[in-house]
Each structure stands twice: as structure tokens, then as C-alpha cells.
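Note: the block below is run-v9.txt and it holds compact mmCIF, C-alpha atoms and all ligand atoms.
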# COMPACT_ATOMS: atom_id res chain seq x y z
CA MET K 1 -14.95 -11.01 19.20
CA ASN K 2 -14.52 -8.68 16.29
CA ARG K 3 -10.92 -9.34 15.42
CA SER K 4 -9.20 -8.48 12.16
CA GLN K 5 -9.43 -11.06 9.49
CA VAL K 6 -5.97 -12.48 9.64
CA LYS K 7 -4.25 -15.61 8.63
CA ARG K 8 -0.76 -16.89 8.54
CA ARG K 9 0.26 -18.54 5.32
CA ASP K 10 0.83 -21.82 7.12
CA THR K 11 -2.73 -21.95 8.43
CA ILE K 12 -4.55 -21.39 5.15
CA SER K 13 -6.95 -24.10 4.20
CA GLU K 14 -9.86 -22.39 2.47
CA ASP K 15 -10.47 -22.30 -1.24
CA ILE K 16 -9.85 -18.76 -2.36
CA PRO K 17 -12.32 -17.26 -4.82
CA ALA K 18 -10.50 -14.87 -7.13
CA THR K 19 -12.86 -14.23 -9.95
CA ARG K 20 -13.73 -10.77 -11.14
CA ALA K 21 -17.41 -10.03 -11.38
CA THR K 22 -19.20 -6.72 -11.99
CA GLY K 23 -16.08 -4.77 -11.14
CA ALA K 24 -15.64 -6.35 -7.74
CA ARG K 25 -13.11 -9.02 -6.94
CA ALA K 26 -14.08 -11.67 -4.50
CA ALA K 27 -11.84 -11.40 -1.49
CA PHE K 28 -10.10 -13.95 0.63
CA ASP K 29 -12.50 -15.23 3.22
CA VAL K 30 -10.24 -15.66 6.18
CA PRO K 31 -10.83 -16.80 9.72
CA ALA K 32 -10.31 -14.71 12.82
CA ARG K 33 -7.10 -15.16 14.78
CA LEU K 34 -6.19 -14.12 18.26
CA ALA K 35 -3.83 -11.22 18.73
CA ALA K 36 -1.57 -13.46 20.78
CA GLN K 37 -0.78 -15.39 17.60
CA ILE K 38 0.66 -12.36 15.88
CA ASP K 39 4.44 -12.63 15.91
CA MET K 40 5.45 -8.98 15.87
CA ALA K 41 6.63 -8.32 19.41
CA HIS K 42 10.18 -7.86 18.02
CA VAL K 43 9.14 -5.12 15.59
CA ASP K 44 10.20 -1.53 16.26
CA THR K 45 9.76 0.00 12.79
CA TRP K 46 6.46 0.03 10.89
CA VAL K 47 6.56 0.63 7.14
CA PHE K 48 3.43 1.44 5.19
CA ASP K 49 2.70 1.66 1.51
CA LEU K 50 0.42 4.62 0.74
CA ASP K 51 -2.06 4.08 -2.11
CA ASN K 52 -4.74 1.47 -1.48
CA THR K 53 -3.09 0.70 1.87
CA LEU K 54 -3.68 3.75 4.08
CA TYR K 55 -6.98 4.26 2.28
CA PRO K 56 -9.18 1.44 0.96
CA ALA K 57 -8.94 0.06 -2.57
CA ASP K 58 -12.56 0.99 -3.26
CA CYS K 59 -11.80 4.68 -2.65
CA ASP K 60 -12.04 6.77 -5.82
CA LEU K 61 -8.59 8.32 -5.34
CA TRP K 62 -6.51 5.91 -7.35
CA PRO K 63 -8.84 5.98 -10.43
CA LYS K 64 -8.43 9.76 -10.49
CA ILE K 65 -4.64 9.46 -10.58
CA ASP K 66 -4.92 6.67 -13.15
CA GLN K 67 -7.01 8.91 -15.41
CA ARG K 68 -4.60 11.83 -15.03
CA ILE K 69 -1.78 9.54 -16.20
CA THR K 70 -3.78 8.62 -19.30
CA THR K 71 -4.44 12.30 -19.99
CA PHE K 72 -0.73 13.06 -19.61
CA ILE K 73 0.10 10.47 -22.29
CA VAL K 74 -2.65 11.76 -24.59
CA ASP K 75 -1.20 15.26 -24.34
CA LEU K 76 2.40 14.07 -24.64
CA LEU K 77 2.13 11.73 -27.59
CA GLY K 78 -1.05 12.85 -29.32
CA LEU K 79 -2.52 9.37 -29.09
CA ASP K 80 -6.20 8.66 -28.64
CA GLY K 81 -7.46 7.68 -25.20
CA MET K 82 -7.56 3.95 -25.81
CA SER K 83 -4.05 3.81 -27.24
CA SER K 84 -2.72 5.97 -24.41
CA ARG K 85 -4.39 3.72 -21.88
CA ALA K 86 -2.87 0.61 -23.44
CA LEU K 87 0.61 2.18 -23.46
CA GLN K 88 0.16 3.30 -19.84
CA LYS K 89 -0.72 -0.19 -18.69
CA TYR K 90 2.11 -1.71 -20.69
CA TYR K 91 4.61 0.64 -19.02
CA TYR K 92 3.10 0.03 -15.60
CA LYS K 93 3.42 -3.72 -15.89
CA GLN K 94 6.81 -3.63 -17.61
CA TYR K 95 8.56 -0.99 -15.49
CA GLY K 96 6.62 -0.90 -12.23
CA THR K 97 5.48 2.67 -12.83
CA THR K 98 4.23 4.40 -15.96
CA LEU K 99 6.66 7.22 -15.19
CA ARG K 100 9.67 4.99 -15.53
CA GLY K 101 8.53 3.79 -18.94
CA LEU K 102 7.94 7.35 -20.08
CA MET K 103 11.36 8.40 -18.79
CA GLU K 104 13.06 5.49 -20.58
CA ASP K 105 11.28 5.89 -23.91
CA HIS K 106 10.33 9.56 -24.05
CA ALA K 107 12.68 11.41 -21.67
CA VAL K 108 9.72 12.76 -19.73
CA SER K 109 10.40 15.20 -16.89
CA ALA K 110 9.62 13.41 -13.64
CA ASP K 111 8.73 16.64 -11.84
CA GLU K 112 6.28 17.61 -14.56
CA PHE K 113 4.70 14.16 -14.63
CA LEU K 114 4.34 13.82 -10.86
CA ALA K 115 2.87 17.30 -10.45
CA PHE K 116 0.34 16.66 -13.23
CA VAL K 117 -0.87 13.20 -12.24
CA HIS K 118 -1.24 13.98 -8.55
CA ASP K 119 -3.18 17.18 -9.16
CA ILE K 120 -6.47 15.60 -8.14
CA ASP K 121 -9.47 16.33 -5.98
CA ARG K 122 -8.97 14.64 -2.59
CA SER K 123 -12.23 15.88 -1.09
CA SER K 124 -13.63 12.32 -1.04
CA LEU K 125 -10.92 11.37 1.46
CA LEU K 126 -12.12 11.94 5.00
CA PRO K 127 -10.06 12.00 8.18
CA ASN K 128 -9.72 8.55 9.68
CA PRO K 129 -9.10 9.12 13.40
CA SER K 130 -9.47 5.47 14.33
CA LEU K 131 -6.72 4.46 11.89
CA ALA K 132 -4.59 7.34 13.19
CA ALA K 133 -5.07 6.10 16.74
CA ALA K 134 -4.22 2.54 15.73
CA ILE K 135 -1.00 3.69 14.05
CA ALA K 136 -0.13 5.94 16.99
CA ALA K 137 -0.52 2.97 19.36
CA LEU K 138 2.29 1.07 17.62
CA PRO K 139 5.51 1.55 19.55
CA GLY K 140 8.46 2.72 17.47
CA ARG K 141 9.07 4.42 14.16
CA LYS K 142 6.54 4.71 11.35
CA LEU K 143 7.52 5.39 7.74
CA ILE K 144 5.77 5.54 4.37
CA LEU K 145 7.40 3.77 1.40
CA THR K 146 5.57 4.73 -1.79
CA ASN K 147 6.01 4.56 -5.56
CA GLY K 148 4.23 7.93 -5.72
CA SER K 149 5.57 11.38 -4.92
CA ARG K 150 6.26 12.91 -1.52
CA GLU K 151 3.82 15.71 -2.28
CA HIS K 152 1.07 13.21 -3.06
CA ALA K 153 1.83 11.24 0.10
CA LEU K 154 1.82 14.37 2.24
CA ARG K 155 -1.43 15.69 0.84
CA THR K 156 -3.12 12.30 1.06
CA ALA K 157 -1.92 11.64 4.61
CA GLU K 158 -3.06 15.12 5.55
CA ALA K 159 -6.53 14.50 4.13
CA LEU K 160 -6.73 11.26 6.12
CA GLY K 161 -5.53 12.98 9.28
CA LEU K 162 -2.46 10.74 9.35
CA ASP K 163 0.27 13.25 8.54
CA ALA K 164 1.43 13.54 12.17
CA MET K 165 1.79 9.77 12.47
CA PHE K 166 4.83 9.31 10.28
CA GLU K 167 8.48 10.15 10.78
CA ASP K 168 9.17 10.46 7.06
CA ILE K 169 8.23 9.45 3.53
CA PHE K 170 10.46 7.61 1.07
CA ASP K 171 9.11 8.42 -2.39
CA ILE K 172 9.85 7.63 -6.02
CA VAL K 173 12.35 10.51 -6.22
CA ASP K 174 14.25 9.11 -3.21
CA ALA K 175 14.15 5.76 -5.04
CA GLU K 176 15.82 7.44 -8.04
CA PHE K 177 12.70 6.48 -10.01
CA VAL K 178 13.27 2.76 -9.57
CA PRO K 179 10.00 1.57 -8.02
CA LYS K 180 9.10 -1.23 -5.70
CA PRO K 181 9.37 -4.22 -6.14
CA GLU K 182 12.98 -3.72 -7.32
CA ARG K 183 15.51 -4.96 -4.79
CA VAL K 184 17.68 -1.83 -4.98
CA THR K 185 14.77 0.36 -3.90
CA TYR K 186 14.30 -1.41 -0.58
CA GLN K 187 18.04 -1.25 0.08
CA ARG K 188 18.03 2.49 -0.61
CA PHE K 189 15.12 2.84 1.78
CA PHE K 190 16.84 0.80 4.53
CA ASP K 191 20.06 2.79 4.10
CA ARG K 192 18.41 6.21 3.95
CA HIS K 193 16.42 5.69 7.13
CA GLY K 194 18.67 3.32 9.04
CA VAL K 195 15.99 0.62 9.04
CA ASP K 196 16.86 -2.90 10.17
CA PRO K 197 14.49 -5.13 8.19
CA LYS K 198 14.73 -7.87 10.81
CA THR K 199 12.95 -5.66 13.34
CA SER K 200 10.53 -4.09 10.87
CA ALA K 201 7.10 -4.84 9.44
CA MET K 202 5.65 -3.85 6.09
CA PHE K 203 2.02 -3.31 5.11
CA GLU K 204 1.16 -3.44 1.39
CA ASP K 205 -1.72 -4.08 -0.98
CA ILE K 206 0.43 -5.51 -3.80
CA GLU K 207 1.86 -8.91 -3.03
CA ARG K 208 4.87 -8.71 -5.33
CA ASN K 209 6.05 -5.70 -3.32
CA LEU K 210 6.46 -7.97 -0.29
CA VAL K 211 8.86 -10.48 -1.87
CA ILE K 212 12.09 -8.61 -1.09
CA PRO K 213 10.91 -7.31 2.32
CA HIS K 214 10.18 -10.90 3.38
CA GLU K 215 13.51 -12.10 2.04
CA LYS K 216 15.23 -9.37 4.08
CA GLY K 217 13.48 -10.50 7.24
CA MET K 218 10.61 -8.04 7.54
CA ALA K 219 7.27 -9.24 8.87
CA THR K 220 4.91 -8.81 5.92
CA ALA K 221 1.18 -8.08 5.84
CA LEU K 222 -0.83 -8.10 2.62
CA ILE K 223 -4.04 -6.10 2.61
CA VAL K 224 -6.78 -7.81 0.62
CA PRO K 225 -10.27 -6.49 -0.16
CA LYS K 226 -13.17 -7.35 2.04
CA PRO K 227 -15.69 -9.71 0.45
CA GLY K 228 -17.59 -7.83 -2.25
CA GLN K 229 -15.43 -4.72 -1.94
CA ARG K 230 -14.70 -2.95 -5.21
CA ASP K 231 -11.08 -2.94 -6.17
CA HIS K 232 -9.48 -0.50 -8.60
CA ARG K 233 -6.11 -2.21 -8.85
CA GLU K 234 -4.87 -3.95 -11.97
CA PRO K 235 -5.71 -7.67 -12.20
CA PHE K 236 -2.02 -8.65 -12.24
CA GLU K 237 -1.46 -6.77 -8.98
CA ILE K 238 -3.99 -8.76 -7.03
CA ALA K 239 -3.06 -12.03 -5.41
CA THR K 240 -5.07 -14.87 -6.89
CA SER K 241 -3.33 -17.67 -5.09
CA GLU K 242 -2.87 -18.68 -1.50
CA ASP K 243 0.62 -19.87 -2.33
CA LEU K 244 2.37 -16.70 -1.19
CA PRO K 245 5.33 -17.71 0.93
CA HIS K 246 6.45 -14.09 1.20
CA VAL K 247 3.21 -13.06 2.91
CA ASP K 248 3.12 -13.64 6.68
CA TYR K 249 -0.34 -12.19 7.25
CA MET K 250 -3.32 -11.53 5.00
CA ILE K 251 -5.67 -8.94 6.38
CA SER K 252 -8.78 -7.22 5.17
CA ASP K 253 -9.04 -4.68 7.97
CA LEU K 254 -5.83 -2.73 8.62
CA GLU K 255 -7.19 -0.87 11.64
CA GLU K 256 -8.27 -4.03 13.42
CA PHE K 257 -4.97 -5.71 12.67
CA LEU K 258 -2.98 -2.78 14.00
CA ARG K 259 -5.06 -2.75 17.16
CA ASP K 260 -4.34 -6.45 17.59
CA ILE K 261 -0.64 -5.76 17.15
CA ALA K 262 -0.79 -2.95 19.69
CA ASP K 263 -2.34 -5.42 22.14
CA LEU K 264 0.97 -7.30 22.00
CA PHE K 265 2.62 -4.21 23.46
CA GLY K 266 -0.20 -3.37 25.84
CA SER K 267 -0.76 -0.08 24.06
CA SER K 268 -4.00 -0.55 22.15
CA THR K 269 -6.65 2.13 21.89
CA PRO K 270 -10.40 1.61 21.78
CA LYS K 271 -12.18 1.55 18.45
CA GLY K 272 -13.01 5.07 17.40
CA GLY K 273 -9.79 6.23 19.01
CA ARG K 274 -8.75 9.67 19.97
CA THR K 275 -8.76 12.53 17.54
CA ILE K 276 -5.52 13.88 16.19
CA ASP K 277 -4.22 17.15 17.58
MG MG B 1 -0.43 0.43 -2.89
Is it possible to express this structure as C-alpha cells?
Amino acid sequence: MNRSQVKRRDTISEDIPATRATGARAAFDVPARLAAQIDMAHVDTWVFDLDNTLYPADCDLWPKIDQRITTFIVDLLGLDGMSSRALQKYYYKQYGTTLRGLMEDHAVSADEFLAFVHDIDRSSLLPNPSLAAAIAALPGRKLILTNGSREHALRTAEALGLDAMFEDIFDIVDAEFVPKPERVTYQRFFDRHGVDPKTSAMFEDIERNLVIPHEKGMATALIVPKPGQRDHREPFEIATSEDLPHVDYMISDLEEFLRDIADLFGSSTPKGGRTID
């Protein structure tokens, strides 16, 4: 049976390799679980991160945005590439987004920054009808909660053929430029969209972004790379421990996991799914 690779935190027993070699991070090697063991029958609202969640971490999309951010800093401050890169990563780690650091220290225009960094070629992103079908099979509301911009989320979801799947997007502007994992951002999201965290689930590729959702009662799923899969995220963003009490499920195949969830509701679709109208 080709089930998603899933594990509950209380069933983990494997040693987890987390070394970085030749640009690829070894992934969690997790056992298969039966769909019946997934405790999400109470969930009626499905919340998805965007980048490296709705498309895989080895996609070249995020490095393009990352490079545009560096270029923005080069142009803004007249620094060389290496210095700009170092400042960018400092801001990202310190503030959660580079934008917030630039706003705090350099009064950068958010609109200008977001338009510049998301002006990228998305032609490498192909429609993913099987993921669309898996999302469509989930009963209830579906929302995107991203530290990026609405425009970026819309264009990316459109390229993936997922734009019709979601009720709305909560972006960094809606968050008043305070990014996940800040507590206030989740509360703004819950309030804006009338989301009850106790009947919601969240899917994310960055484990620290699941701390508050879990505390609020959301079911939490962390997406980890498949073994050998390249990963463009920052080292500090990637879970290197199995001691993650805020993570209910670790998965390496979002589509499979969503199909398993849909099985709970008797609404699953076959692999390959229908195409999106
Ligand atoms: Mg992400």
C-alpha cells in the first residue's frame, strides 16, 4: 500500500539523519501509517502555507525570490552581493522576513519590495491536478496563510492550478508585516476569517511556524523533504530533531497525506485526480 509517509510524534522511534551533504538534506525516514490513524475527522478548516508547501522544496521558485531579495538590498544600500546576502539572512532570522528588517532599519516601502522580489519567472511551475483534486476532496474551508504577498500567492497558485481551491489568502500585508511565527499573526488570521483553531488543521514546511497553531488547538502537519530531495530552505528552518511536541504529523508527500485524510470523510479521489475546470 502506497500510503503517505506519516508519523505521529508519539510513535517516533527511528534515528533521524539531519546532515547536509552536497546541497541535499537527508530527510526523515518515516514508516507508513494507516489513514484510520489520522485524527482529523473533527477538522472543517484546512490552512496551508504557500512556499515550499504547495510546491516542493526542491522547486527552483524560492531561490529565485531569494536572489531577487539580495538584488533589492544591493540596489538599496549599495553593498556588494556577499554583504547584502549576509544582511538579508540576518534580517530573515532576526525578524522572520527580510522585509520586516528592512522596514525597521531602512523604512523600505513594503509595496515596492514585494512587487520587486516576487517579479520572477514561474514557468518551471506546472499545474498539479492531483494535488488540486486532493485539496478539493477535503470537506470544508481551505485558506492560505503566507508570509509572502497576496499577488505572489495568487500567481503561484494559478501556475499550480490550485487557485480555485482556496476561499482566500491571508498575506503579509493582512498580517501588518508581522510574519509567522509571531503569535499576533495567527490571532489576526483567526479573527479575519472566523477560524476556530480547534477544528482546523495547518500544513507547513517550517516547524517553528507550527508552535502557536498547535498551542491553539490546530492539528499540525510538518512537510519534510523526501530522502535525498534537495532543499532550498535555510538550515535553521529545517527540523533537525524528532523532539517536536508541536508537530502532530510529519509527512513527505502532501498529496498522499491529503488523500488519506479525505478517506476519513469518504471523499477521496483516485491518484491522478480530475482536472480543474
Ligand atoms: Mg513555507
At a cut-off of 7 Å and counting only C-alpha atoms and all ligand atoms, what residues surround ligand MG 1 (chain B)? Please answer as an MDAnalysis selection string.
chainID K and resid 49:53 204:206
From the list K:Leu138, K:Leu162, K:Leu76, K:Ala221, which residue is nearest Phe113 of chain K when using all atoms listed in the file?
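Once distances to Phe113 of chain K are computed over all atoms listed in the file, the minimum belongs to K:Leu76.
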Shell around Asn147 of chain K at 7 Å using all atoms listed in the file, local window under 5 positions removed, as a ChimeraX atom specification:
/K:171-172,179-180
Hey, can you check how far atom CA of Pro197 of chain K sits from atom CA of His42 of chain K?
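Between atom CA of Pro197 of chain K and atom CA of His42 of chain K the gap is 11.1 Å.
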Identify, on the basis of all atoms listed in the file, every residue whose closest approach to Glu237 of chain K does not exceed 8 Å; exclude the query and any residue fewer than 3 positions from it along the same chain; express the result as a list in words.
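Answer for this query is Ile206, Glu207, Arg208, Arg233 and Glu234 of chain K.
Checking K:Phe177, K:Tyr90, K:Phe189, K:Phe257 one by one against Ser109 of chain K, counting all atoms listed in the file, you find the shortest gap at K:Phe177.
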Taken to one decimal, the atom CA of Phe48 of chain K-atom CA of Gly96 of chain K distance is 17.9 Å
Gln67 of chain K: which residues within 12 Å, counting all atoms listed in the file, same-chain residues fewer than 3 positions away excluded, as a list in words?
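The neighbour list is Asp60, Leu61, Trp62, Pro63, Lys64, Thr70, Thr71, Phe72, Ile73, Val74, Gly81, Met82, Ser84, Arg85, Gln88, Lys89, Phe116, Val117, His118, Asp119, Ile120 and His232 of chain K.
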List as an mmCIF file with C-alpha atoms, in the frame of the given file the protein and nucleic acid residues near His193 of chain K, meaning an atom at most 9 Å away when all atoms listed in the file are counted, but skip any in the same chain fewer than 3 places from it.
data_model
loop_
_atom_site.group_PDB
_atom_site.id
_atom_site.type_symbol
_atom_site.label_atom_id
_atom_site.label_comp_id
_atom_site.auth_asym_id
_atom_site.auth_seq_id
_atom_site.Cartn_x
_atom_site.Cartn_y
_atom_site.Cartn_z
ATOM 1 C CA LEU K 143 7.520 5.390 7.740
ATOM 2 C CA ASP K 168 9.170 10.460 7.060
ATOM 3 C CA PHE K 170 10.460 7.610 1.070
ATOM 4 C CA ARG K 188 18.030 2.490 -0.610
ATOM 5 C CA PHE K 189 15.120 2.840 1.780
ATOM 6 C CA PHE K 190 16.840 0.800 4.530
#
Would you compute the distance between atom CA of Glu151 of chain K and atom CA of Leu114 of chain K? Give it in Å to one decimal.
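Atom CA of Leu114 of chain K lies 8.8 Å from atom CA of Glu151 of chain K.
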Is it possible to get the axis-aligned box enclosing segment 110-113 of chain K (all listed atoms, 3 Å extra per side) as lines of an AutoDock Vina configuration file, with centre and edge lengths in Å rounded to one decimal?
center_x = 7.2
center_y = 15.5
center_z = -13.2
size_x = 10.9
size_y = 10.2
size_z = 8.8
Just checking: using all atoms listed in the file, which residue out of K:Leu145, K:Val247, K:Ala57, K:Ala159 ends up closest to Gln229 of chain K?
K:Ala57
Which residue gives the smallest distance to Arg141 of chain K among K:Pro129, K:Gly194, K:Gly101, K:Pro181, with all atoms listed in the file counted?
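Ranked by minimum distance to Arg141 of chain K, first place goes to K:Gly194.
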Restricting to only C-alpha atoms, whichever of K:Ile238, K:Tyr186, K:Arg230, K:Ala136 is closest to Lys216 of chain K is K:Tyr186
